[in-house]
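Inspection log for the structure reproduced underneath, given as structure tokens.
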Amino acid sequence: MLFRRSLLQELISTAAGAFLILVGIVVAQRVGHLIRLASKGVLPNDAITIILGFNMIRFLPMLLSLSLFLAILLTLSRWYRDSEMVVWFSSGLSINSWIRPILTFTIPVVILISFLSLFVTPWAFHKVEDYLLQLESRDDLATINPGVFKESAHADRVFFVESFDELGNVVKNIFVQSIQHQKLGIVVAAQGSRINEKNGDQFLLMENGRRYQGERGTAEYSTTEFEKYAIRVEAVEAKRDAPSSQSISSGELIQDSNNTNIAELQWRLAMPISALILALMAIPLSALDPRAGRSANFILALVFYILYINLLSIVQAWIAQGKIHSILGLWPIHVLFAILAVYMFYRRTQQLPILPSISMPSWSKSGNKA
């Protein structure tokens, strides 16, 4: 039908716009957070892009669910505001007639959310944990950021470099503080570079600098000028912790069914289920009430969305803690909002009855009323 085709076209364009806006918001927030970590020396600069990419994959189910909800809400609200709904209701359609075209648009997105939530998101979490483990095992030089004091993994050295060259191989204005044999040593040099020996040892070779050594708390220090001075750099052996439940595959969660794993599995299933319920709930929520204003239904819809997601998160934590039986799980929350959606459909059906079609009078050929 005509209204289904026009509805699907507008839903797709609105959902694409909402998704891009939400992605931009999340990217801006995550980039700011990662840059703050990098400025403190917690995270290397070259790791920002990779971690940001994996974080975006992790947020995709939530972003798609919210985009779906907003697309239906905004599209139908515009139809109410521009009186297009009045035309469709006058032609004999009811609010229930929108369920089928909405489901036609919603079900493919829900299937995509299911795939992402059950398979792709755990893979992204696993890759993040592997990458963070690789970062922890990098040597001290690999984690240095220009303009930031960096303490070594063994807490016996402090590094500072002013800048790198274009290729990142040569560093300018180096400062190294170390403690050896209860004596404080400070090395400053104009530039330096990394050297890899044949046996695998790595050194920081500094050129044209000075070395100060003495006992802390005293004024007795020896000064040595050098043309070349090498410091050995050792790699750190990072220990792998037990994988988190978020990084375990869905099949392994089913096999190892403890409270934490069941709570995580319930959360992954909740993403597509909640997306479907919220999409149907957006149909009656989009109906405008002239006495309440145009923004009242939108605010109410956001309240329902936030309440739904927060209740799922709270109950998931209770399942992991053993306060709620795993068999019960998150299903009461889904049932509650499904019943609420059915009730809102019933209320809107009562408020917006199907208008009877207008029959035109028939006229005889002679022009007299038959």
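In the structure tokens, chains take letters A, B, ... by order of appearance, with residues numbered from 1 within each chain and ligands from 1 in the order shown.
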List the neighbours of Arg268 (chain A) out to 8 Å using only C-alpha atoms; skip same-chain residues closer than 6 positions along the sequence, and give me the result as a compact mmCIF listing (two decimals) with N, CA and C atoms, in the first residue's frame.
# COMPACT_ATOMS: atom_id res chain seq x y z
N SER A 114 20.75 -8.89 17.17
CA SER A 114 20.98 -10.21 17.78
C SER A 114 22.34 -10.76 17.40
N SER A 117 25.03 -8.66 19.20
CA SER A 117 25.04 -8.85 20.65
C SER A 117 25.56 -10.22 21.05
N LEU A 118 25.20 -11.26 20.30
CA LEU A 118 25.55 -12.62 20.68
C LEU A 118 26.93 -13.05 20.20
Mind running region 176-271 of chain A against region 148-151 of chain A at 10 Å and telling me each contacting residue's nearest atom pair with the distance in Å (one decimal), counting only C-alpha atoms, chain and number ascending, as CSV?
residue,atom,partner,partner_atom,distance
A:Val176,CA,A:Phe149,CA,9.5
A:Gln177,CA,A:Glu151,CA,9.4
A:Ser178,CA,A:Glu151,CA,10.0
For region 52-152 of chain A versus region 338-350 of chain A, which residues have an atom no more than 9 Å away, and what is each residue's nearest atom pair and distance in Å rounded to one decimal, using only C-alpha atoms, chain-then-number order, as CSV?
residue,atom,partner,partner_atom,distance
A:Ser94,CA,A:Thr349,CA,7.3
A:Ile95,CA,A:Thr349,CA,6.5
A:Asn96,CA,A:Phe345,CA,7.5
Same residues, N, CA and C atoms, output as a PDB file, in the first residue's frame:
ATOM      1  N   SER A  94      -6.663   2.023  11.285  1.00  0.00           N
ATOM      2  CA  SER A  94      -6.547   2.244  12.724  1.00  0.00           C
ATOM      3  C   SER A  94      -5.072   2.275  13.099  1.00  0.00           C
ATOM      4  N   ILE A  95      -4.792   2.566  14.352  1.00  0.00           N
ATOM      5  CA  ILE A  95      -3.399   2.610  14.801  1.00  0.00           C
ATOM      6  C   ILE A  95      -2.751   1.240  14.731  1.00  0.00           C
ATOM      7  N   ASN A  96      -3.569   0.177  14.814  1.00  0.00           N
ATOM      8  CA  ASN A  96      -3.023  -1.180  14.710  1.00  0.00           C
ATOM      9  C   ASN A  96      -2.534  -1.502  13.302  1.00  0.00           C
TER      10      ASN A  96
END
May I have a table of the residues of region 213-281 of chain A lying at most 12 Å from region 298-307 of chain A, giving each one's closest pair of atoms and their distance in Å to one decimal, counting only C-alpha atoms, ordered by chain and ascending residue number, as a tab-separated table?
residue	atom	partner	partner_atom	distance
A:Ser274	CA	A:Tyr305	CA	9.3
A:Ala275	CA	A:Tyr305	CA	9.9
A:Ile277	CA	A:Tyr305	CA	10.4
A:Leu278	CA	A:Tyr305	CA	7.4
A:Ala279	CA	A:Tyr305	CA	10.4
A:Leu280	CA	A:Ala301	CA	11.8
A:Met281	CA	A:Ala301	CA	8.6
Mind the document's chain letters and residue numbers, and return as a ChimeraX atom specification the residues of region 108-259 of chain A that DSSP labels strand (DSSP E). /A:150-151,157-164,170-180,183-196,202-214,221-233
Given only C-alpha atoms, how would the per-residue table for region 177-274 of chain A near region 310-317 of chain A read, listing every residue at most 12 Å away with its closest atom pair and distance in Å to one decimal, sorted by chain and number, as a tab-separated table?
residue	atom	partner	partner_atom	distance
A:Asn259	CA	A:Gln316	CA	9.7
A:Thr260	CA	A:Ala317	CA	8.5
A:Asn261	CA	A:Gln316	CA	10.4
A:Ile262	CA	A:Gln316	CA	9.0
A:Ala263	CA	A:Gln316	CA	5.3
A:Glu264	CA	A:Gln316	CA	7.4
A:Leu265	CA	A:Gln316	CA	9.6
A:Gln266	CA	A:Gln316	CA	7.5
A:Trp267	CA	A:Gln316	CA	6.8
A:Arg268	CA	A:Gln316	CA	10.5
A:Leu269	CA	A:Leu312	CA	11.0
A:Ala270	CA	A:Leu312	CA	7.8
A:Met271	CA	A:Leu312	CA	9.6
A:Ile273	CA	A:Leu312	CA	11.3
A:Ser274	CA	A:Leu312	CA	9.3
Using only C-alpha atoms, pick whichever of A:Met85, A:Leu76, A:Phe105, A:Pro272 has the shortest atom-to-atom distance to Pro284 (chain A). A:Leu76
Would you kindly return, as a ChimeraX atom specification, each protein, DNA or RNA residue with an atom no farther than 9 Å from any atom of Leu52 (chain A), considering only C-alpha atoms and excluding same-chain residues fewer than 2 positions away? /A:27,30-31,34,47-50,54-57
Among the residues A:Val110, A:Val26, A:Leu103, A:Ile319, the one that comes closest to Leu8 (chain A) [using only C-alpha atoms]: A:Leu103
